[in-house]
file structure.txt (compact mmCIF, C-alpha atoms and all ligand atoms)
# COMPACT_ATOMS: atom_id res chain seq x y z
CA MET A 1 32.21 -57.12 52.08
CA LEU A 2 35.13 -57.75 54.39
CA THR A 3 36.66 -54.69 55.97
CA PRO A 4 40.28 -53.75 55.17
CA GLU A 5 41.12 -54.85 58.76
CA GLN A 6 39.62 -58.30 58.15
CA VAL A 7 41.54 -58.70 54.88
CA ARG A 8 44.73 -57.62 56.64
CA ALA A 9 44.03 -60.06 59.49
CA TYR A 10 43.68 -62.91 56.98
CA HIS A 11 47.03 -62.11 55.39
CA ASP A 12 48.77 -61.57 58.75
CA GLN A 13 47.25 -64.45 60.70
CA GLY A 14 46.22 -66.94 57.99
CA PHE A 15 42.55 -66.91 59.06
CA VAL A 16 39.72 -64.54 59.82
CA ALA A 17 36.12 -64.93 60.99
CA MET A 18 33.17 -62.69 60.16
CA THR A 19 31.31 -61.23 63.08
CA GLU A 20 27.80 -61.60 61.62
CA PRO A 21 26.24 -64.78 60.15
CA LEU A 22 26.14 -64.87 56.35
CA LEU A 23 23.36 -67.46 56.06
CA THR A 24 19.84 -67.02 57.40
CA GLY A 25 18.31 -69.61 59.72
CA ALA A 26 16.16 -70.90 56.82
CA GLU A 27 19.21 -71.26 54.56
CA VAL A 28 21.04 -73.22 57.24
CA GLU A 29 18.01 -75.44 57.79
CA ARG A 30 17.84 -76.24 54.06
CA LEU A 31 21.50 -77.30 54.09
CA ARG A 32 20.98 -79.42 57.23
CA GLN A 33 18.09 -81.25 55.58
CA ALA A 34 20.13 -81.76 52.41
CA LEU A 35 22.99 -83.12 54.53
CA ASP A 36 20.65 -85.61 56.20
CA GLU A 37 19.41 -86.75 52.78
CA VAL A 38 22.96 -87.30 51.55
CA ILE A 39 23.91 -89.27 54.67
CA ARG A 40 20.79 -91.44 54.32
CA GLY A 41 21.67 -92.06 50.65
CA GLU A 42 18.45 -90.38 49.51
CA SER A 43 19.92 -87.39 47.65
CA PRO A 44 19.63 -86.89 43.88
CA GLY A 45 23.37 -87.50 43.38
CA ARG A 46 26.30 -89.04 45.25
CA PRO A 47 29.28 -87.24 46.80
CA VAL A 48 32.85 -88.18 45.93
CA LEU A 49 33.46 -89.54 49.44
CA LEU A 50 31.40 -90.22 52.55
CA ARG A 51 33.19 -91.86 55.47
CA ASN A 52 34.07 -91.72 59.12
CA LEU A 53 37.28 -89.69 59.09
CA ALA A 54 38.23 -91.33 62.40
CA GLY A 55 38.03 -94.83 60.86
CA GLY A 56 35.33 -97.44 61.44
CA ASP A 57 31.72 -96.97 60.42
CA LEU A 58 29.40 -94.01 60.93
CA HIS A 59 27.94 -95.59 64.08
CA SER A 60 31.15 -96.16 65.99
CA ASP A 61 31.94 -94.42 69.28
CA ALA A 62 34.36 -91.93 67.66
CA VAL A 63 32.98 -90.26 64.54
CA VAL A 64 33.66 -87.39 62.21
CA ILE A 65 31.40 -87.75 59.18
CA GLN A 66 33.49 -86.44 56.30
CA ILE A 67 31.79 -85.84 52.96
CA VAL A 68 33.73 -84.61 49.95
CA ASN A 69 31.91 -82.79 47.13
CA ILE A 70 28.47 -82.79 48.62
CA TRP A 71 27.81 -80.09 46.01
CA GLN A 72 27.67 -82.88 43.42
CA ALA A 73 25.09 -84.75 45.49
CA HIS A 74 22.55 -82.06 46.26
CA ALA A 75 21.42 -78.81 44.61
CA ALA A 76 21.28 -77.02 47.96
CA PHE A 77 25.04 -77.42 48.31
CA ALA A 78 25.71 -76.69 44.62
CA GLU A 79 23.99 -73.36 45.24
CA HIS A 80 25.95 -72.85 48.44
CA VAL A 81 29.42 -73.23 46.88
CA SER A 82 28.60 -70.65 44.21
CA ARG A 83 26.54 -68.15 46.20
CA PRO A 84 27.62 -64.69 45.01
CA ASP A 85 27.90 -63.13 48.47
CA LEU A 86 30.19 -65.95 49.60
CA VAL A 87 32.51 -66.04 46.60
CA GLU A 88 32.81 -62.23 46.59
CA LEU A 89 34.29 -62.51 50.08
CA VAL A 90 36.72 -65.23 49.04
CA ALA A 91 37.78 -63.11 46.05
CA GLN A 92 38.71 -60.33 48.48
CA LEU A 93 41.15 -62.68 50.23
CA CYS A 94 42.54 -64.60 47.29
CA PRO A 95 43.98 -62.33 44.60
CA THR A 96 42.93 -63.77 41.25
CA ASP A 97 40.80 -63.15 38.17
CA THR A 98 38.99 -66.47 38.49
CA LEU A 99 37.89 -68.62 41.42
CA ARG A 100 37.10 -72.30 41.07
CA VAL A 101 35.87 -74.85 43.56
CA TRP A 102 38.72 -77.24 44.34
CA HIS A 103 36.42 -79.40 46.46
CA ASP A 104 34.15 -79.11 49.42
CA GLN A 105 34.14 -80.98 52.66
CA ILE A 106 31.57 -81.56 55.37
CA GLN A 107 32.91 -82.27 58.82
CA TYR A 108 30.08 -83.36 61.08
CA LYS A 109 30.86 -84.25 64.68
CA PRO A 110 27.71 -85.96 66.00
CA PRO A 111 26.60 -85.37 69.61
CA THR A 112 28.77 -87.03 72.32
CA VAL A 113 30.74 -89.26 69.88
CA GLY A 114 32.13 -86.51 67.62
CA THR A 115 35.87 -86.85 67.75
CA ALA A 116 38.88 -84.65 66.99
CA THR A 117 40.19 -83.46 63.66
CA ARG A 118 43.91 -83.55 64.21
CA TRP A 119 46.22 -80.58 63.61
CA HIS A 120 47.14 -80.30 59.96
CA GLN A 121 47.79 -77.99 57.04
CA ASP A 122 45.51 -78.40 54.03
CA PHE A 123 47.94 -77.84 51.20
CA PRO A 124 50.39 -80.68 52.03
CA ALA A 125 47.35 -82.98 51.82
CA TRP A 126 46.71 -81.66 48.29
CA PRO A 127 49.91 -82.76 46.50
CA VAL A 128 48.21 -82.42 43.12
CA LEU A 129 48.10 -78.61 43.29
CA THR A 130 50.53 -75.74 42.97
CA PRO A 131 51.04 -73.01 44.22
CA PRO A 132 49.84 -73.15 47.85
CA ASP A 133 47.45 -70.20 48.02
CA GLN A 134 43.96 -71.70 48.16
CA CYS A 135 41.38 -70.23 50.53
CA THR A 136 38.77 -72.15 52.50
CA ALA A 137 35.38 -70.73 53.42
CA TRP A 138 34.12 -72.67 56.44
CA VAL A 139 30.45 -72.20 57.32
CA ALA A 140 28.96 -73.40 60.61
CA LEU A 141 25.63 -75.22 60.35
CA ASP A 142 25.28 -75.16 64.16
CA ASP A 143 26.58 -72.78 66.79
CA VAL A 144 30.17 -74.04 66.90
CA THR A 145 31.83 -73.36 70.23
CA VAL A 146 34.84 -74.35 72.26
CA ALA A 147 32.60 -76.98 73.92
CA ASN A 148 31.53 -78.77 70.73
CA GLY A 149 34.73 -78.59 68.71
CA CYS A 150 35.37 -75.20 67.11
CA LEU A 151 38.30 -74.66 64.79
CA ARG A 152 41.64 -73.77 66.32
CA PHE A 153 44.31 -71.97 64.34
CA VAL A 154 47.95 -71.06 64.90
CA PRO A 155 48.26 -67.39 63.83
CA GLY A 156 50.99 -66.72 61.28
CA SER A 157 51.64 -70.41 60.59
CA HIS A 158 50.67 -70.00 56.90
CA ARG A 159 54.04 -68.24 56.46
CA TRP A 160 56.15 -71.07 57.95
CA GLY A 161 56.13 -73.49 54.99
CA ALA A 162 55.09 -77.14 54.95
CA HIS A 163 55.73 -78.57 58.42
CA GLN A 164 56.91 -82.19 58.36
CA GLY A 165 55.30 -84.31 61.09
CA LEU A 166 52.82 -81.73 62.39
CA GLY A 167 50.85 -83.67 65.01
CA THR A 168 48.49 -83.49 67.96
CA ASN A 169 49.33 -83.79 71.65
CA ASP A 170 47.06 -85.48 74.23
CA ASP A 171 45.90 -82.05 75.45
CA PHE A 172 45.02 -81.18 71.85
CA SER A 173 47.84 -78.69 71.41
CA PRO A 174 49.81 -78.92 68.15
CA ARG A 175 52.91 -81.12 68.23
CA TYR A 176 55.65 -79.65 66.06
CA ASP A 177 59.37 -79.52 65.46
CA PRO A 178 60.81 -76.15 66.62
CA ALA A 179 63.81 -76.66 64.32
CA GLN A 180 61.53 -76.27 61.29
CA LEU A 181 60.18 -72.88 62.40
CA PRO A 182 61.58 -69.46 61.45
CA PRO A 183 63.43 -67.75 64.35
CA ASP A 184 60.64 -65.24 65.01
CA ALA A 185 57.83 -67.82 65.00
CA ARG A 186 55.69 -68.05 68.11
CA VAL A 187 53.27 -70.96 68.35
CA ARG A 188 50.03 -69.99 70.05
CA VAL A 189 46.51 -71.24 69.49
CA SER A 190 43.40 -69.17 68.66
CA LEU A 191 40.01 -70.78 69.26
CA VAL A 192 37.43 -69.43 66.83
CA GLU A 193 33.79 -69.84 67.77
CA VAL A 194 31.36 -69.33 64.87
CA PRO A 195 27.59 -68.94 65.19
CA ARG A 196 25.16 -70.95 63.06
CA GLY A 197 25.35 -69.53 59.53
CA GLY A 198 28.59 -67.72 60.34
CA ILE A 199 31.81 -68.09 58.43
CA SER A 200 35.54 -68.24 58.89
CA PHE A 201 38.23 -68.27 56.21
CA HIS A 202 41.64 -69.91 56.32
CA HIS A 203 44.68 -70.08 54.08
CA ALA A 204 45.81 -73.46 52.70
CA MET A 205 49.02 -73.42 54.78
CA THR A 206 47.52 -72.41 58.14
CA TRP A 207 47.89 -74.94 60.96
CA HIS A 208 44.42 -75.90 62.20
CA GLY A 209 42.42 -78.62 63.90
CA SER A 210 39.29 -79.09 66.00
CA ALA A 211 38.67 -80.89 69.27
CA PRO A 212 35.99 -83.55 69.97
CA ASN A 213 32.31 -82.85 70.54
CA PRO A 214 31.34 -84.42 73.88
CA THR A 215 28.17 -82.28 74.10
CA PRO A 216 24.57 -83.31 73.28
CA ALA A 217 24.55 -80.76 70.40
CA HIS A 218 25.30 -81.43 66.73
CA ARG A 219 28.41 -79.83 65.29
CA ARG A 220 28.04 -79.61 61.51
CA ALA A 221 30.07 -77.46 59.11
CA ILE A 222 30.80 -77.14 55.40
CA ALA A 223 34.26 -76.11 54.24
CA VAL A 224 34.56 -75.07 50.62
CA HIS A 225 38.12 -75.07 49.37
CA TYR A 226 38.44 -72.48 46.59
CA MET A 227 41.39 -72.24 44.19
CA PRO A 228 42.55 -69.20 42.24
CA GLY A 229 42.56 -69.38 38.45
CA HIS A 230 46.33 -69.90 38.30
CA THR A 231 46.25 -73.22 40.24
CA ARG A 232 48.06 -75.90 38.24
CA TYR A 233 48.04 -79.70 38.26
CA VAL A 234 50.92 -81.74 39.66
CA ALA A 235 50.41 -85.19 38.17
CA ALA A 236 52.94 -86.88 40.47
CA GLY A 237 50.61 -86.43 43.48
CA ARG A 238 47.53 -88.44 44.51
CA HIS A 239 44.26 -87.14 45.96
CA VAL A 240 40.64 -88.26 46.19
CA MET A 241 39.86 -85.73 43.41
CA SER A 242 42.59 -87.13 41.10
CA PRO A 243 40.17 -89.22 39.00
CA TYR A 244 38.24 -86.04 38.16
CA ILE A 245 41.24 -84.08 36.87
CA THR A 246 41.27 -84.17 33.09
CA VAL A 247 44.05 -81.68 32.31
CA GLY A 248 47.72 -82.50 31.79
CA ASN A 249 50.63 -82.11 34.19
CA GLY A 250 51.39 -78.42 34.70
CA ASP A 251 48.12 -77.22 33.21
CA VAL A 252 45.62 -74.97 34.97
CA ILE A 253 43.05 -77.17 36.71
CA ALA A 254 39.69 -76.74 34.98
CA GLY A 255 36.74 -78.86 33.97
CA ASP A 256 33.27 -79.85 35.08
CA ALA A 257 34.40 -81.05 38.51
CA PHE A 258 36.02 -77.67 39.25
CA PRO A 259 33.36 -75.09 38.41
CA VAL A 260 34.20 -71.43 38.00
CA VAL A 261 32.24 -69.58 40.68
CA TRP A 262 33.63 -66.07 40.32
CA GLN A 263 35.31 -64.00 37.62
CA ARG A 264 36.62 -60.48 37.81
CA THR A 265 34.62 -58.08 35.71
CA ALA A 266 36.27 -55.05 34.17
O1 LIG A 301 35.57 -78.71 60.43
C1 LIG A 301 36.63 -79.03 60.95
O2 LIG A 301 36.74 -79.25 62.14
C2 LIG A 301 37.90 -79.14 60.14
C3 LIG A 301 37.80 -78.46 58.83
C4 LIG A 301 39.10 -78.44 58.09
O3 LIG A 301 40.04 -79.10 58.41
C5 LIG A 301 39.18 -77.54 56.94
O4 LIG A 301 38.19 -76.84 56.63
O5 LIG A 301 40.25 -77.48 56.30
call {"tool": "encode", "arguments": {"input": "structure.txt", "output": "structure tokens"}}
result
Amino acid sequence: MLTPEQVRAYHDQGFVAMTEPLLTGAEVERLRQALDEVIRGESPGRPVLLRNLAGGDLHSDAVVIQIVNIWQAHAAFAEHVSRPDLVELVAQLCPTDTLRVWHDQIQYKPPTVGTATRWHQDFPAWPVLTPPDQCTAWVALDDVTVANGCLRFVPGSHRWGAHQGLGTNDDFSPRYDPAQLPPDARVRVSLVEVPRGGISFHHAMTWHGSAPNPTPAHRRAIAVHYMPGHTRYVAAGRHVMSPYITVGNGDVIAGDAFPVVWQRTA
């Protein structure tokens, strides 16, 4: 369970990290091995997407291996996205009667060549959804530190709306347009280190990014983007998951590709 302070921190800041790891060392190791199988193309199924987010191939000198819906490729990840202790925590942060998986996403920054994930907000990249209140559970599969590219968040930014042109400066600070911010907004950056098996949560509108991994250590993580049961489809948008959406414009998103992982019991 999250404490009332942690729940309050999530709503105030747009993110919160747990202090203790959720996954055991053995559970993390199983996911790492499953990840390797998927990358080698030896898993039972295929993910929706596997690419170098930075462009180029997986062996270039700037790499973030991005995998979308690894849960469809390997049972270890299918179990991960629906593990009861994880989804109970998400349900504490995301008021709803029903939680579904929107999609998952591996971001793996390999040793020395792992590159940056630029500053962004998730929801504007999901123009097929409404409203913007999804919650991401991000689990570290290595000790993720400032040195190897931990997540950085701007506290409170989930309350500032969709920011046009949010970008990344050379020193890896967020580049933004002050005219789009509310008068009381203060842009500062929190660096959130997470131990192997540990977890952080962020709101779909929170500004976030992660720096490169120049270290000899791996930096692997799985983000699961969960959506509350009232999330509806906006057919005018496009997204890598669009081909899997079978409902009509304005309908609640449901179906095999978006499994229910939690339901409120009386
Ligand atoms: O793992 C990362 O560095 C980025 C993850 C991310 O952008 C997300 O979980 O929304």
call {"tool": "closest_atom_pairs", "arguments": {"input": "structure.txt", "of": "chain A", "to": "ligand LIG 301 (chain A)", "cutoff": "6 Å", "atoms": "only C-alpha atoms and all ligand atoms", "output": "tab-separated table"}}
result
residue	atom	partner	partner_atom	distance
A:Gln107	CA	A:LIG301	O1	4.7
A:Thr117	CA	A:LIG301	O2	5.7
A:Asp122	CA	A:LIG301	O5	5.8
A:Trp138	CA	A:LIG301	O4	5.8
A:Leu151	CA	A:LIG301	O2	5.5
A:Gly209	CA	A:LIG301	C2	5.9
A:Ser210	CA	A:LIG301	O2	4.6
A:Ala221	CA	A:LIG301	O1	5.8
A:Ala223	CA	A:LIG301	O4	4.7
call {"tool": "atom_distance", "arguments": {"input": "structure.txt", "atom1": "CA of Ala26 (chain A)", "atom2": "CA of Met227 (chain A)"}}
result
28.2 Å
call {"tool": "closest_residue", "arguments": {"input": "structure.txt", "among": "A:Val260, A:Ile70, A:Leu99, A:Ile199", "to": "Leu23 (chain A)", "atoms": "all atoms listed in the file"}}
result
A:Ile199
call {"tool": "residues_near_point", "arguments": {"input": "structure.txt", "point": "(48.9, -85.1, 38.2)", "cutoff": "8 Å", "atoms": "only C-alpha atoms", "output": "number ranges by chain"}}
result
A: 128, 233-238, 242, 245, 248-250
call {"tool": "atom_distance", "arguments": {"input": "structure.txt", "atom1": "CA of Gly165 (chain A)", "atom2": "CA of Pro182 (chain A)"}}
result
16.1 Å
call {"tool": "closest_residue", "arguments": {"input": "structure.txt", "among": "A:His230, A:His203, A:Arg40, A:Arg196", "to": "Gly161 (chain A)", "atoms": "only C-alpha atoms"}}
result
A:His203
call {"tool": "residues_around", "arguments": {"input": "structure.txt", "residues": "Arg232 (chain A)", "least_positions_apart": "4", "cutoff": "12 Å", "atoms": "all atoms listed in the file", "output": "list in words"}}
result
Arg100, Trp102, Trp126, Pro127, Val128, Leu129, Thr130, Pro131, Pro132, Asp133, Gln134, Met227, Pro228, Ile245, Thr246, Val247, Gly248, Asn249, Gly250, Asp251, Val252, Ile253 and Ala254 of chain A
call {"tool": "atom_distance", "arguments": {"input": "structure.txt", "atom1": "CA of Ser190 (chain A)", "atom2": "CA of Phe153 (chain A)"}}
result
5.2 Å
call {"tool": "residues_around", "arguments": {"input": "structure.txt", "residues": "Cys135 (chain A)", "least_positions_apart": "6", "cutoff": "6 Å", "atoms": "all atoms listed in the file", "output": "ChimeraX atom specification"}}
result
/A:202-204,225-226
call {"tool": "closest_residue", "arguments": {"input": "structure.txt", "among": "A:Gln263, A:Gln92, A:Gln72, A:Gln13", "to": "Arg188 (chain A)", "atoms": "only C-alpha atoms"}}
result
A:Gln13
call {"tool": "closest_residue", "arguments": {"input": "structure.txt", "among": "A:Pro212, A:Gly198, A:Gly45, A:Gly149", "to": "Glu20 (chain A)", "atoms": "all atoms listed in the file"}}
result
A:Gly198
call {"tool": "closest_residue", "arguments": {"input": "structure.txt", "among": "A:Lys109, A:His59, A:His103, A:Arg30", "to": "Pro47 (chain A)", "atoms": "all atoms listed in the file"}}
result
A:His103
